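Enquirer: My structure is stored as start30.csv, with CSV, C-alpha atoms.
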chain,number,residue,atom,x,y,z
A,23,MET,CA,8.1,25.9,18.0
A,24,ASN,CA,10.5,23.2,19.2
A,25,ILE,CA,9.7,19.5,19.4
A,26,ALA,CA,7.6,18.4,22.4
A,27,GLY,CA,9.8,17.7,25.4
A,28,GLU,CA,13.5,17.0,25.6
A,29,PRO,CA,14.6,14.1,23.4
A,30,PHE,CA,16.5,11.5,25.4
A,31,LEU,CA,17.5,9.5,22.4
A,32,VAL,CA,18.4,10.8,18.9
A,33,LEU,CA,19.4,8.2,16.3
A,34,GLU,CA,20.8,9.8,13.2
A,35,PHE,CA,21.6,8.0,9.9
A,36,ALA,CA,22.9,10.9,7.8
A,37,ASP,CA,19.8,13.0,7.2
A,38,GLU,CA,17.4,10.4,8.4
A,39,LEU,CA,16.6,10.6,12.0
A,40,VAL,CA,14.5,9.1,14.8
A,41,TYR,CA,14.1,10.7,18.2
A,42,LEU,CA,12.4,9.6,21.4
A,43,THR,CA,10.8,12.2,23.6
A,44,PRO,CA,8.4,11.4,26.5
A,45,TYR,CA,5.5,12.2,24.1
A,46,THR,CA,6.6,10.0,21.2
A,47,THR,CA,7.7,7.2,23.6
A,48,THR,CA,4.2,7.1,25.1
A,49,LEU,CA,2.7,6.8,21.6
A,50,LEU,CA,5.3,4.1,20.6
A,51,LEU,CA,4.5,2.0,23.7
A,52,PHE,CA,0.8,2.3,23.0
A,53,ALA,CA,1.3,1.1,19.4
A,54,LEU,CA,3.6,-1.7,20.6
A,55,ALA,CA,1.1,-3.0,23.2
A,56,PHE,CA,-1.7,-3.2,20.7
A,57,THR,CA,0.5,-4.9,18.1
A,58,ILE,CA,1.3,-7.5,20.7
A,59,PHE,CA,-2.4,-7.9,21.4
A,60,ALA,CA,-3.0,-8.4,17.7
A,61,ILE,CA,-0.3,-11.1,17.6
A,62,ILE,CA,-1.5,-13.1,20.5
A,63,SER,CA,-5.3,-12.8,20.4
A,64,ARG,CA,-7.6,-15.0,18.4
A,65,PRO,CA,-10.3,-13.7,16.1
A,66,GLU,CA,-13.8,-13.2,17.4
A,67,ARG,CA,-16.7,-15.3,16.1
A,68,GLN,CA,-19.4,-12.9,15.0
A,69,VAL,CA,-23.0,-14.1,15.5
A,70,ASP,CA,-25.9,-12.5,13.7
A,71,ILE,CA,-29.4,-13.0,15.3
A,72,VAL,CA,-32.2,-13.3,12.8
A,73,PHE,CA,-34.9,-10.7,13.8
A,74,GLY,CA,-38.2,-12.2,14.8
A,75,GLY,CA,-37.0,-15.8,15.1
A,76,ASP,CA,-34.6,-17.8,17.2
A,77,ALA,CA,-32.2,-18.6,14.3
A,78,PHE,CA,-28.7,-17.2,14.2
A,79,TYR,CA,-25.8,-17.2,11.8
A,80,ALA,CA,-22.3,-17.8,13.2
A,81,LYS,CA,-19.7,-16.3,10.9
A,82,LYS,CA,-16.5,-18.4,10.8
A,83,THR,CA,-13.1,-16.9,9.9
A,84,SER,CA,-11.0,-19.3,7.8
A,85,LEU,CA,-7.4,-19.9,8.7
A,86,SER,CA,-5.9,-18.3,5.7
A,87,GLU,CA,-8.0,-15.2,6.1
A,88,MET,CA,-7.1,-15.0,9.7
A,89,ARG,CA,-3.4,-15.3,8.9
A,90,PHE,CA,-3.6,-12.5,6.3
A,91,ARG,CA,-5.5,-10.2,8.5
A,92,ARG,CA,-3.2,-10.8,11.4
A,93,PHE,CA,-0.2,-10.0,9.2
A,94,MET,CA,-1.9,-6.8,8.0
A,95,ALA,CA,-2.7,-5.8,11.6
A,96,ILE,CA,0.9,-6.3,12.6
A,97,ALA,CA,2.1,-4.4,9.6
A,98,CYS,CA,-0.3,-1.6,10.6
A,99,GLY,CA,1.1,-1.6,14.1
A,100,LEU,CA,4.6,-1.4,12.8
A,101,ALA,CA,3.7,1.4,10.4
A,102,SER,CA,2.1,3.4,13.2
A,103,MET,CA,5.2,2.9,15.4
A,104,GLY,CA,7.3,4.2,12.6
A,105,ALA,CA,5.0,7.2,12.1
A,106,VAL,CA,5.1,8.2,15.7
A,107,VAL,CA,8.9,7.9,16.3
A,108,THR,CA,10.3,9.2,13.0
A,109,GLY,CA,11.9,12.7,13.0
A,110,ASP,CA,11.8,13.1,9.3
A,111,ILE,CA,8.9,14.7,7.5
A,112,PHE,CA,9.1,12.6,4.4
A,113,ASN,CA,9.4,9.3,6.3
A,114,PHE,CA,6.4,10.5,8.4
A,115,THR,CA,4.3,10.8,5.2
A,116,LEU,CA,5.5,7.5,3.9
A,117,PHE,CA,4.6,5.7,7.2
A,118,ILE,CA,1.2,7.5,7.1
A,119,SER,CA,0.4,6.2,3.7
A,120,LEU,CA,1.6,2.7,4.8
A,121,VAL,CA,-1.0,2.9,7.6
A,122,GLY,CA,-3.6,3.8,4.9
A,123,ILE,CA,-2.8,0.7,2.9
A,124,CYS,CA,-2.7,-1.6,5.9
A,125,ASN,CA,-6.1,-0.3,7.1
A,126,VAL,CA,-7.5,-1.3,3.7
A,127,GLY,CA,-5.6,-4.6,3.8
A,128,ILE,CA,-7.0,-5.6,7.3
A,129,VAL,CA,-10.5,-5.8,6.0
A,130,ALA,CA,-9.9,-6.6,2.3
A,131,ALA,CA,-9.5,-10.3,3.0
A,132,VAL,CA,-13.1,-10.5,4.3
A,133,LYS,CA,-15.1,-12.1,1.5
A,134,ILE,CA,-18.3,-10.1,2.1
A,135,ARG,CA,-19.4,-7.8,-0.8
A,136,HIS,CA,-20.2,-4.7,1.1
A,137,VAL,CA,-17.0,-4.8,3.2
A,138,GLN,CA,-14.9,-5.1,0.0
A,139,GLU,CA,-16.9,-2.3,-1.6
A,140,ALA,CA,-16.2,-0.1,1.5
A,141,ALA,CA,-12.5,-1.1,1.5
A,142,PHE,CA,-12.2,-0.2,-2.2
A,143,GLN,CA,-13.8,3.3,-1.8
A,144,TYR,CA,-11.7,4.0,1.3
A,145,GLY,CA,-8.6,2.9,-0.7
A,146,ILE,CA,-9.5,5.4,-3.4
A,147,VAL,CA,-9.6,8.2,-0.7
A,148,ALA,CA,-6.3,7.0,0.8
A,149,LEU,CA,-4.6,6.9,-2.5
A,150,SER,CA,-5.8,10.4,-3.6
A,151,ALA,CA,-4.7,11.7,-0.2
A,152,THR,CA,-1.0,10.9,-1.1
A,153,VAL,CA,-1.1,14.0,-3.3
A,154,PRO,CA,-1.4,16.6,-0.5
A,155,LEU,CA,0.6,14.4,1.8
A,156,PHE,CA,3.7,14.0,-0.4
A,157,GLY,CA,3.2,17.5,-1.7
A,158,ALA,CA,3.3,19.0,1.7
A,159,ALA,CA,6.6,17.1,2.5
A,160,ALA,CA,8.2,18.2,-0.8
A,161,LEU,CA,7.0,21.8,-0.3
A,162,THR,CA,8.4,21.8,3.2
A,163,ALA,CA,11.8,20.7,1.8
A,164,ALA,CA,11.6,23.3,-0.9
A,165,THR,CA,10.9,26.2,1.5
A,166,THR,CA,13.3,25.2,4.3
A,167,GLY,CA,15.9,23.0,2.7
A,168,THR,CA,15.6,20.3,5.4
A,169,LEU,CA,13.2,17.5,6.4
A,170,SER,CA,14.6,16.9,9.9
A,171,MET,CA,12.0,18.0,12.5
A,172,ILE,CA,14.7,19.0,15.0
A,173,GLU,CA,16.1,21.4,12.4
A,174,LEU,CA,12.6,22.6,11.5
A,175,GLY,CA,11.9,23.3,15.1
A,176,LYS,CA,14.8,25.8,15.4
A,177,ALA,CA,13.9,29.5,15.1
A,178,THR,CA,16.6,30.0,12.4
A,179,THR,CA,14.8,27.9,9.9
A,180,ALA,CA,12.5,29.6,7.4
A,181,ALA,CA,8.8,29.5,8.5
A,182,VAL,CA,6.6,27.0,6.6
A,183,SER,CA,3.4,28.5,5.2
A,184,PRO,CA,0.1,27.6,6.8
A,185,VAL,CA,-1.1,26.4,3.4
A,186,ILE,CA,1.6,23.6,3.5
A,187,LYS,CA,0.5,22.7,7.0
A,188,ALA,CA,-3.1,22.5,5.9
A,189,LEU,CA,-2.1,20.2,3.0
A,190,LEU,CA,-0.2,17.9,5.4
A,191,VAL,CA,-3.3,17.7,7.7
A,192,LEU,CA,-5.5,17.1,4.7
A,193,GLY,CA,-3.3,14.3,3.6
A,194,VAL,CA,-3.2,12.6,7.0
A,195,MET,CA,-7.0,13.0,7.2
A,196,GLY,CA,-7.4,11.2,3.9
A,197,GLU,CA,-5.2,8.4,5.0
A,198,GLY,CA,-7.3,7.6,8.0
A,199,MET,CA,-8.3,10.4,10.3
A,200,ALA,CA,-11.5,12.0,11.5
A,201,PRO,CA,-13.9,13.2,8.8
A,202,PHE,CA,-13.1,10.4,6.3
A,203,TYR,CA,-13.5,8.0,9.1
A,204,ALA,CA,-17.1,7.7,8.0
A,205,ALA,CA,-15.9,5.7,5.1
A,206,LYS,CA,-14.5,3.2,7.5
A,207,ALA,CA,-17.8,2.6,9.2
A,208,GLU,CA,-18.7,-0.3,6.8
A,209,MET,CA,-15.2,-1.7,7.3
A,210,PHE,CA,-15.8,-1.9,11.1
A,211,ARG,CA,-18.8,-4.1,10.5
A,212,ALA,CA,-16.4,-6.8,9.1
A,213,PRO,CA,-16.0,-9.7,11.5
A,214,GLY,CA,-12.6,-10.2,13.2
A,215,ALA,CA,-12.5,-8.0,16.3
A,216,PRO,CA,-8.8,-7.8,17.4
A,217,TYR,CA,-7.6,-6.8,13.9
A,218,VAL,CA,-10.2,-4.2,13.1
A,219,ILE,CA,-9.2,-2.3,16.3
A,220,MET,CA,-5.9,-1.6,14.7
A,221,CYS,CA,-7.7,0.6,12.1
A,222,SER,CA,-9.0,2.9,14.8
A,223,LEU,CA,-5.9,2.7,17.0
A,224,SER,CA,-3.7,3.8,14.1
A,225,SER,CA,-6.0,6.7,13.3
A,226,LEU,CA,-5.8,7.9,16.9
A,227,LEU,CA,-2.0,7.6,17.0
A,228,ILE,CA,-1.4,9.4,13.7
A,229,PHE,CA,-3.9,12.1,14.8
A,230,LEU,CA,-1.9,12.7,18.0
A,231,ARG,CA,1.4,12.7,16.1
A,232,VAL,CA,0.3,15.0,13.3
A,233,ILE,CA,-0.5,17.7,15.9
A,234,GLU,CA,3.1,17.7,17.0
A,235,VAL,CA,4.4,17.7,13.4
A,236,VAL,CA,2.2,20.7,12.5
A,237,LEU,CA,3.1,22.6,15.6
A,238,VAL,CA,6.9,22.0,15.0
A,239,ILE,CA,7.2,22.8,11.3
B,18,MET,CA,8.7,37.2,-13.8
B,19,TRP,CA,7.7,33.8,-12.6
B,20,GLN,CA,10.5,31.6,-11.4
B,21,GLN,CA,10.8,28.1,-12.9
B,22,TYR,CA,9.9,26.4,-9.6
B,23,SER,CA,6.7,28.4,-9.2
B,24,LEU,CA,5.7,27.9,-12.8
B,25,GLY,CA,6.3,24.1,-12.5
B,26,LEU,CA,4.4,24.0,-9.2
B,27,LEU,CA,1.5,25.8,-10.9
B,28,LEU,CA,1.4,23.4,-13.8
B,29,VAL,CA,1.5,20.3,-11.5
B,30,LEU,CA,-1.2,21.7,-9.3
B,31,VAL,CA,-3.4,22.5,-12.3
B,32,ALA,CA,-2.8,18.9,-13.5
B,33,GLY,CA,-3.7,17.6,-10.1
B,34,VAL,CA,-6.9,19.7,-10.0
B,35,ILE,CA,-7.9,18.4,-13.4
B,36,ALA,CA,-7.3,14.8,-12.3
B,37,PHE,CA,-9.3,15.3,-9.1
B,38,PHE,CA,-12.1,16.9,-11.1
B,39,ALA,CA,-12.2,13.8,-13.4
B,40,LEU,CA,-12.2,11.6,-10.3
B,41,VAL,CA,-15.3,13.5,-8.9
B,42,LEU,CA,-17.2,13.2,-12.2
B,43,GLU,CA,-16.4,9.5,-12.8
B,44,LYS,CA,-18.7,7.0,-11.3
B,45,ASP,CA,-17.3,3.7,-12.7
B,46,ASP,CA,-15.0,2.0,-10.2
B,47,LEU,CA,-12.5,0.7,-12.8
B,48,HIS,CA,-12.2,4.1,-14.4
B,49,ARG,CA,-11.7,5.7,-11.0
B,50,LEU,CA,-8.9,3.2,-10.4
B,51,LEU,CA,-7.2,4.3,-13.6
B,52,LEU,CA,-7.7,8.0,-12.9
B,53,ILE,CA,-6.1,7.5,-9.4
B,54,ASP,CA,-2.9,6.7,-11.3
B,55,LEU,CA,-3.1,10.2,-12.9
B,56,VAL,CA,-3.6,11.8,-9.5
B,57,GLU,CA,-0.6,9.9,-8.2
B,58,ILE,CA,1.6,11.3,-11.0
B,59,ALA,CA,0.8,14.9,-9.8
B,60,SER,CA,2.2,14.0,-6.3
B,61,LEU,CA,5.4,12.6,-7.9
B,62,GLY,CA,5.6,15.8,-9.9
B,63,ILE,CA,5.6,18.0,-6.8
B,64,ILE,CA,8.5,15.9,-5.4
B,65,ALA,CA,10.4,15.9,-8.7
B,66,LEU,CA,10.2,19.7,-8.8
B,67,LEU,CA,12.7,19.9,-5.9
B,68,GLY,CA,15.3,19.0,-8.6
B,69,THR,CA,18.0,17.8,-6.2
B,70,ASP,CA,19.5,14.5,-5.2
B,71,LEU,CA,17.1,14.5,-2.3
B,72,ALA,CA,14.2,14.6,-4.8
B,73,GLU,CA,15.5,11.5,-6.5
B,74,ALA,CA,15.8,9.7,-3.2
B,75,LEU,CA,12.3,10.7,-2.3
B,76,ILE,CA,10.6,9.8,-5.6
B,77,LEU,CA,11.6,6.1,-5.3
B,78,PRO,CA,9.7,5.4,-2.0
B,79,GLY,CA,6.9,7.7,-3.1
B,80,LEU,CA,6.6,5.7,-6.4
B,81,VAL,CA,6.8,2.3,-4.5
B,82,VAL,CA,4.1,3.3,-2.0
B,83,GLY,CA,1.9,4.5,-4.9
B,84,ILE,CA,2.4,1.3,-6.9
B,85,ALA,CA,1.8,-0.8,-3.8
B,86,GLU,CA,-1.5,1.0,-3.1
B,87,LEU,CA,-2.6,0.7,-6.7
B,88,LEU,CA,-1.8,-3.0,-6.8
B,89,ALA,CA,-3.7,-3.6,-3.5
B,90,LEU,CA,-6.7,-1.7,-4.8
B,91,SER,CA,-6.8,-3.4,-8.1
B,92,GLN,CA,-6.6,-6.8,-6.3
B,93,ILE,CA,-9.6,-5.7,-4.2
B,94,TYR,CA,-11.4,-4.6,-7.3
B,95,VAL,CA,-10.8,-8.1,-8.9
B,96,MET,CA,-12.1,-9.8,-5.8
B,97,LYS,CA,-15.0,-7.4,-5.4
B,98,GLU,CA,-16.2,-7.9,-9.0
B,99,GLY,CA,-15.6,-11.6,-8.9
B,100,ILE,CA,-13.5,-11.6,-12.0
B,101,LYS,CA,-10.7,-13.6,-10.5
B,102,ASP,CA,-11.3,-16.6,-12.6
B,103,CYS,CA,-10.9,-14.9,-16.0
B,104,VAL,CA,-7.5,-16.1,-17.1
B,105,VAL,CA,-5.5,-13.5,-18.9
B,106,LYS,CA,-4.4,-14.7,-22.3
B,107,GLY,CA,-2.3,-12.9,-24.9
B,108,LEU,CA,-3.7,-9.8,-26.6
B,109,ASP,CA,-5.7,-10.7,-29.7
B,110,ILE,CA,-4.2,-8.1,-32.0
B,111,GLU,CA,-2.5,-9.0,-35.3
B,112,VAL,CA,0.7,-6.9,-34.7
B,113,ILE,CA,1.1,-8.4,-31.2
B,114,GLN,CA,0.7,-11.9,-32.5
B,115,ALA,CA,3.6,-11.4,-35.0
B,116,ASP,CA,7.2,-10.8,-34.0
B,117,ALA,CA,6.8,-7.2,-33.0
B,118,PRO,CA,6.8,-7.8,-29.2
B,119,LEU,CA,9.9,-9.9,-29.4
B,120,ILE,CA,11.9,-7.2,-31.2
B,121,ILE,CA,10.6,-4.4,-29.0
B,122,SER,CA,11.3,-6.4,-25.9
B,123,ILE,CA,14.9,-7.3,-27.0
B,124,LEU,CA,15.6,-3.6,-27.8
B,125,LEU,CA,14.2,-2.6,-24.4
B,126,ILE,CA,16.2,-5.2,-22.6
B,127,ILE,CA,19.5,-4.3,-24.4
B,128,TYR,CA,18.9,-0.7,-23.7
B,129,GLY,CA,18.2,-1.5,-20.0
B,130,ILE,CA,21.4,-3.5,-19.7
B,131,ILE,CA,23.4,-0.6,-21.2
B,132,LEU,CA,21.8,1.8,-18.7
B,133,SER,CA,22.3,-0.6,-15.7
B,134,GLY,CA,21.2,0.2,-12.2
B,135,PHE,CA,17.6,1.0,-11.1
B,136,THR,CA,16.5,2.8,-14.3
B,137,GLY,CA,18.0,0.1,-16.5
B,138,GLY,CA,16.3,-2.6,-14.4
B,139,GLY,CA,13.0,-0.7,-14.9
B,140,ILE,CA,13.4,-0.5,-18.6
B,141,ALA,CA,14.6,-4.1,-19.0
B,142,GLY,CA,11.7,-5.3,-16.8
B,143,LEU,CA,9.3,-3.3,-18.9
B,144,GLY,CA,10.5,-5.2,-22.0
B,145,ALA,CA,9.9,-8.5,-20.2
B,146,VAL,CA,6.5,-7.4,-19.0
B,147,PHE,CA,5.5,-6.3,-22.5
B,148,TYR,CA,6.6,-9.7,-23.9
B,149,ILE,CA,4.8,-11.7,-21.2
B,150,MET,CA,1.7,-9.6,-21.5
B,151,SER,CA,1.5,-9.9,-25.3
B,152,ARG,CA,2.2,-13.6,-25.3
B,153,GLY,CA,0.3,-14.7,-22.3
B,154,HIS,CA,2.0,-16.9,-19.8
B,155,ARG,CA,1.8,-20.4,-18.6
B,156,GLU,CA,5.2,-20.8,-16.9
B,157,LYS,CA,6.0,-21.0,-13.2
B,158,PHE,CA,8.0,-18.0,-12.0
B,159,GLU,CA,9.8,-19.5,-9.0
B,160,LEU,CA,13.1,-19.4,-10.8
B,161,LEU,CA,12.8,-15.7,-11.5
B,162,GLU,CA,11.9,-15.1,-7.8
B,163,ILE,CA,15.1,-16.9,-6.8
B,164,ALA,CA,17.2,-14.9,-9.2
B,165,ALA,CA,15.6,-11.7,-7.8
B,166,GLY,CA,16.5,-12.8,-4.3
B,167,ILE,CA,20.1,-13.7,-5.1
B,168,SER,CA,20.7,-10.4,-7.0
B,169,TRP,CA,19.3,-8.5,-4.0
B,170,ALA,CA,21.8,-10.2,-1.8
B,171,VAL,CA,24.6,-9.3,-4.2
B,172,TRP,CA,23.4,-5.7,-4.1
B,173,ILE,CA,23.5,-5.6,-0.3
B,174,LEU,CA,26.9,-7.3,-0.3
B,175,ALA,CA,28.2,-4.6,-2.6
B,176,PHE,CA,27.0,-2.0,0.0
B,177,PHE,CA,29.0,-3.8,2.7
B,178,ILE,CA,32.1,-3.7,0.4
B,179,PHE,CA,31.6,0.0,-0.1
B,180,MET,CA,31.5,0.6,3.7
B,181,SER,CA,34.2,-1.9,4.8
B,182,PHE,CA,36.7,-2.0,1.9
B,183,PRO,CA,36.4,1.3,0.0
B,184,GLU,CA,39.5,0.5,-2.1
B,185,TYR,CA,37.5,-2.1,-4.0
B,186,TRP,CA,34.8,0.4,-4.9
B,187,LEU,CA,34.8,-0.5,-8.6
B,188,THR,CA,34.0,-4.1,-8.0
B,189,ALA,CA,31.3,-3.0,-5.5
B,190,LEU,CA,29.9,-0.6,-8.1
B,191,PHE,CA,29.6,-3.3,-10.7
B,192,MET,CA,28.0,-5.7,-8.2
B,193,ALA,CA,25.5,-3.1,-7.1
B,194,ALA,CA,24.6,-2.1,-10.7
B,195,VAL,CA,24.2,-5.7,-11.9
B,196,GLY,CA,22.4,-6.7,-8.7
B,197,ILE,CA,19.8,-3.9,-8.8
B,198,LEU,CA,19.4,-4.4,-12.6
B,199,LEU,CA,18.5,-8.0,-12.2
B,200,LYS,CA,16.4,-7.5,-9.1
B,201,VAL,CA,14.3,-4.7,-10.5
B,202,ALA,CA,14.0,-6.4,-13.9
B,203,ALA,CA,12.8,-9.6,-12.4
B,204,LYS,CA,10.4,-7.8,-10.1
B,205,MET,CA,8.9,-5.8,-12.9
B,206,ALA,CA,8.4,-9.0,-14.9
B,207,LEU,CA,6.6,-10.6,-11.9
B,208,VAL,CA,4.1,-7.7,-11.4
B,209,GLY,CA,0.7,-8.9,-12.3
B,210,THR,CA,1.8,-12.4,-13.1
B,211,MET,CA,2.6,-13.9,-9.7
B,212,TRP,CA,-0.8,-13.7,-8.1
B,213,GLY,CA,-4.0,-15.3,-9.1
B,214,ASP,CA,-3.2,-19.0,-9.0
B,215,ASN,CA,-3.6,-19.5,-5.3
B,216,PRO,CA,-6.1,-17.7,-3.2
B,217,LEU,CA,-4.7,-15.8,-0.2
Let me see whether you can do it: turn the structure in this file into structure tokens.

Expert:
Amino acid sequence: MNIAGEPFLVLEFADELVYLTPYTTTLLLFALAFTIFAIISRPERQVDIVFGGDAFYAKKTSLSEMRFRRFMAIACGLASMGAVVTGDIFNFTLFISLVGICNVGIVAAVKIRHVQEAAFQYGIVALSATVPLFGAAALTAATTGTLSMIELGKATTAAVSPVIKALLVLGVMGEGMAPFYAAKAEMFRAPGAPYVIMCSLSSLLIFLRVIEVVLVI
Amino acid sequence: MWQQYSLGLLLVLVAGVIAFFALVLEKDDLHRLLLIDLVEIASLGIIALLGTDLAEALILPGLVVGIAELLALSQIYVMKEGIKDCVVKGLDIEVIQADAPLIISILLIIYGIILSGFTGGGIAGLGAVFYIMSRGHREKFELLEIAAGISWAVWILAFFIFMSFPEYWLTALFMAAVGILLKVAAKMALVGTMWGDNPL
């Protein structure tokens, strides 16, 4: 199957390539908008009410923590943008694993024990997911001899086995998509609203993009 | 008969399955962190099996991403377990206390300089890391950072010479080789020594 829609911009640097179709442009603009939100917005101040009394705790985000998390949120936005526009399978997998690290990084600066525990366990999942992820990219190159999605979409290229596609999807899932999402639940309880949203947004974007990739290769 | 590629793939996948199995059985977080490194090697193995120039170009980013994730996770582990304040001193082993690390490091660095380029930088850096780890460190590393930055700039400049003035390719080649050697060596020596003093 060919790539979704007619590309109106193809940037080629030797065998690297980036292409913009209506589909990828929509995803790119979405990621860009939320990255800008992450840059300009200020962190929330989470308040916990004590049950059965009228006391409450206000959690304060320190400046250095805020800076680090904002940096990670922006990096996550950039990585998602890269993942949605790249036309190279290996670069796609690299950007996906970058999204995985940034998701961990966004919450890792929070100095709450259970949040760090969750971030660590999620990081273990993300790191082990690089095996199917890079494996799928390397096997694609081994069976077809190319990594460019435009080449892979052509009917003349050798077909990629469903096992490789399954490996790719498994890898992307591990880096931050649906079922392993459960591991992120504890991470979402971390204070700092505008930054944590980048975790779920990047998951959504790479989910939408991996569908196209799997259909094309 | 099995082809070499299929056989290699089978071996790597078996290695990967063993590593994952170990990961499932292991409950201690620190050991899981170490096992993850084994799992990572399997993924590099699959890429390496391509056996082309492309494979070499793909292994580097794969390796860098893997190391970055591993460093990030170990940093989280240190924060999570609250062992940040334990200062790392030199290893308390008799052989390490004597002159052995110095000799091994010098050999590694000389061999790295002969190899030059990325691999040479890696080996020379390994020598420096080994020396620093076995002796402990109290120095400030700003100077090394500056050296790494300047050599990186030299490397980039060499690429511009390659593209703009191809007739000076030999100069550019030497600049690139020395630049990347210094950069990688300095970076390798900084791994694990730069952080820790100031909280993020």

Enquirer: Excluding same-chain residues fewer than 5 positions from segment 157-166 of chain A, what lies within 7 Å of it counting only C-alpha atoms, as a list in words?

Expert: Ile111, Phe112, Thr179, Ala180, Val182, Ile186, Leu189 and Leu190 of chain A; Ser60, Ile63, Ile64 and Leu67 of chain B

Enquirer: When distances are computed from all atoms listed in the file, which of A:Ala148, A:Ser170, A:Leu230, A:Pro154 shows the smallest separation from Ile53 of chain B?

Expert: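 That would be A:Ala148, the residue with the smallest distance to Ile53 of chain B.
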
Enquirer: From the list B:Phe38, B:Phe176, B:Tyr94, B:Tyr185, which residue is nearest chain A when using all atoms listed in the file?

Expert: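 Distance minimum relative to chain A lands on B:Tyr94.
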
Enquirer: Nearest to Leu47 of chain B among A:Phe156, A:Leu120, A:Arg64, A:Gln143, with distances taken over only C-alpha atoms: which residue is it?

Expert: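 Of A:Phe156, A:Leu120, A:Arg64, A:Gln143, the one nearest Leu47 of chain B, counting only C-alpha atoms, is A:Gln143.
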
Enquirer: With all atoms listed in the file considered, list every residue of chain B at most 9 Å from chain A, as a VMD selection string.

Expert: chain B and resid 33 37 46 49 to 50 53 to 54 56 to 67 72 75 78 to 79 82 to 83 85 to 87 89 to 91 93 to 94 96 to 98 216 to 217

Enquirer: Quick one: everything within 8 Å of Ser63 of chain A, counting all atoms listed in the file, minus sequence neighbours fewer than 3 positions away in the same chain. Send it as a PyMOL selection string.

Expert: chain A and resi 59-60+216

Enquirer: Provide the atom CA of Val235 of chain A to atom CA of Thr57 of chain A distance in Å, to one decimal place.

Expert: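 Between these atoms lies a distance of 23.4 Å.
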
Enquirer: Excluding Arg231 of chain A and any residue of its chain fewer than 6 positions from it, enumerate the residues within 10 Å of it, using only C-alpha atoms, and give them as a list in words.

Expert: Tyr45, Thr46, Leu49, Ser102, Ala105, Val106, Val107, Phe114 and Ser225 of chain A

Enquirer: If we count only C-alpha atoms and set the cut-off at 10 Å, which residues sit around segment 138-144 of chain B, ignoring sequence neighbours fewer than 6 positions away in its own chain? Please answer as a PyMOL selection string.

Expert: chain B and resi 118-132+150+194-208

Enquirer: Between atom CA of Gln21 of chain B and atom CA of Glu73 of chain B, what is the distance in Å, rounded to a tenth?

Expert: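 Value for the atom CA of Gln21 of chain B-atom CA of Glu73 of chain B distance: 18.4 Å.
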
Enquirer: Have a look at atom CA of Ile239 of chain A and atom CA of Glu173 of chain A and let me know their distance in Å, one decimal.

Expert: 9.1 Å

Enquirer: For Glu38 of chain A, which residue out of A:Ile61, A:Val236, A:Ile172, A:Ala101 is the nearest one, using all atoms listed in the file?

Expert: A:Ile172

Enquirer: If I put a ball of radius 6 Å at (0.3, 7.0, 20.7) in the file's coordinates, which residues poke into it when counting only C-alpha atoms, written as a list of chain:residue names?

Expert: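 Here the neighbourhood of the point contains A:Thr48, A:Leu49, A:Leu50, A:Phe52, A:Leu227.
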